[in-house]
Amino acid sequence: MANPIVGRVWKFGDDINTDAIIPGKYLRTRDMQIFGTHAMEGIDPEFTKKAKPGDIIVAGTNFGCGSSREQAPLALKHAGIACIVAKSFARIFFRNAINIGLPLMEADVECQDGDEIEVDLLMGEVLVPEKGTFKGNKLPDFLLDILNDGGLVAHRKKVRSEKK
């Protein structure tokens, strides 16, 4: 995981539901490309045609509410989203994102679609050119370790191999 994460913003509001992130009709597949090509389809059917790898989602409160489906953060990761910044996250979405290695930060950030921002996970800050630096919640070191290792499974494998 690069730090800081620099990318173009896609702005969304409050209460973005997992059904909007990846509609239920796509949940029967195990093909990550399907998830990636239909990310955010419930809000913006053209999202994945416009979004580019490395882009960042900035949202309001309660991002990822709804079901506990792990497919929601997987869809965003496979769509190339580098990071999600939101005022707050649904608890299960937050943990699922960490578990699959999708960086996120809780912060109240003023920006617009298309702005290029820098998300510094180590400092817990988001820099928006011409608007300043917004302080967010810094992730605990153990969660940063999981993200740096690519997710929980990769992290546990690494820890296990280091103990041998």
# chains A, B, ... in the order shown; residues from 1 in each chain; ligands from 1

$ residues_around --residues "Asp149 of chain A" --least-positions-apart "5" --cutoff "9 Å" --atoms "only C-alpha atoms" --output "MDAnalysis selection string"
chainID A and resid 1 101 144 154:156 158

$ residues_around --residues "Pro53 of chain A" --least-positions-apart "2" --cutoff "8 Å" --atoms "only C-alpha atoms" --output "list in words"
Ala51, Asp55, Ala79, Gly80, Ile81 and Ala82 of chain A

$ residues_around --residues "Leu121 of chain A" --least-positions-apart "6" --cutoff "7 Å" --atoms "only C-alpha atoms" --output "PyMOL selection string"
chain A and resi 3-4+138-139

$ write_last_selection --atoms "all heavy atoms" --output "mmCIF file, in the first residue's frame"
data_model
loop_
_atom_site.group_PDB
_atom_site.id
_atom_site.type_symbol
_atom_site.label_atom_id
_atom_site.label_comp_id
_atom_site.auth_asym_id
_atom_site.auth_seq_id
_atom_site.Cartn_x
_atom_site.Cartn_y
_atom_site.Cartn_z
ATOM 1 N N ASN A 3 1.785 5.136 0.452
ATOM 2 C CA ASN A 3 1.340 6.206 1.340
ATOM 3 C C ASN A 3 2.133 7.453 0.988
ATOM 4 O O ASN A 3 3.346 7.388 0.961
ATOM 5 C CB ASN A 3 1.559 5.838 2.796
ATOM 6 C CG ASN A 3 0.807 6.773 3.735
ATOM 7 O OD1 ASN A 3 -0.388 6.909 3.615
ATOM 8 N ND2 ASN A 3 1.516 7.417 4.621
ATOM 9 N N PRO A 4 1.539 8.579 0.694
ATOM 10 C CA PRO A 4 0.091 8.764 0.675
ATOM 11 C C PRO A 4 -0.540 8.167 -0.583
ATOM 12 O O PRO A 4 0.140 7.904 -1.572
ATOM 13 C CB PRO A 4 -0.069 10.285 0.685
ATOM 14 C CG PRO A 4 1.167 10.808 0.044
ATOM 15 C CD PRO A 4 2.257 9.836 0.402
ATOM 16 N N LYS A 138 -6.900 8.266 12.506
ATOM 17 C CA LYS A 138 -5.765 7.436 12.131
ATOM 18 C C LYS A 138 -6.074 5.990 12.503
ATOM 19 O O LYS A 138 -6.568 5.707 13.591
ATOM 20 C CB LYS A 138 -4.510 7.907 12.850
ATOM 21 C CG LYS A 138 -3.279 7.128 12.466
ATOM 22 C CD LYS A 138 -2.091 7.549 13.295
ATOM 23 C CE LYS A 138 -0.872 6.719 13.004
ATOM 24 N NZ LYS A 138 -1.035 5.294 13.022
ATOM 25 N N LEU A 139 -5.804 5.089 11.569
ATOM 26 C CA LEU A 139 -6.019 3.667 11.847
ATOM 27 C C LEU A 139 -4.979 3.169 12.839
ATOM 28 O O LEU A 139 -3.811 3.585 12.776
ATOM 29 C CB LEU A 139 -5.915 2.846 10.559
ATOM 30 C CG LEU A 139 -6.998 3.068 9.521
ATOM 31 C CD1 LEU A 139 -6.662 2.306 8.243
ATOM 32 C CD2 LEU A 139 -8.350 2.625 10.045
#

$ select_by_dssp --residues "segment 63-161 of chain A" --states "strand (DSSP E or B)" --output "ChimeraX atom specification"
/A:63,65,83-86,89,104-107,116-120,125-128,132-136

$ select_by_dssp --residues "chain A" --states "helix (DSSP H, G or I)" --output "ChimeraX atom specification"
/A:18-21,24-26,32-37,47-50,71-78,91-100,141-148,152-163

$ atom_distance --atom1 "atom CA of Gly24 of chain A" --atom2 "atom CA of Phe93 of chain A"
15.8 Å

$ residues_around --residues "Phe47 of chain A" --least-positions-apart "6" --cutoff "9 Å" --atoms "only C-alpha atoms" --output "list in words"
Thr37, His38, Ala39, Met40 and Glu41 of chain A

$ write_last_selection --atoms "N, CA and C atoms" --output "compact mmCIF listing (two decimals), in the first residue's frame"
# COMPACT_ATOMS: atom_id res chain seq x y z
N THR A 37 -16.87 -4.58 -12.53
CA THR A 37 -17.54 -3.85 -13.61
C THR A 37 -18.93 -3.35 -13.22
N HIS A 38 -19.44 -3.79 -12.09
CA HIS A 38 -20.78 -3.36 -11.66
C HIS A 38 -20.76 -2.58 -10.35
N ALA A 39 -19.58 -2.18 -9.90
CA ALA A 39 -19.46 -1.41 -8.66
C ALA A 39 -20.23 -0.09 -8.77
N MET A 40 -20.93 0.25 -7.72
CA MET A 40 -21.70 1.49 -7.59
C MET A 40 -22.84 1.59 -8.61
N GLU A 41 -23.18 0.50 -9.26
CA GLU A 41 -24.21 0.50 -10.28
C GLU A 41 -25.57 0.93 -9.74
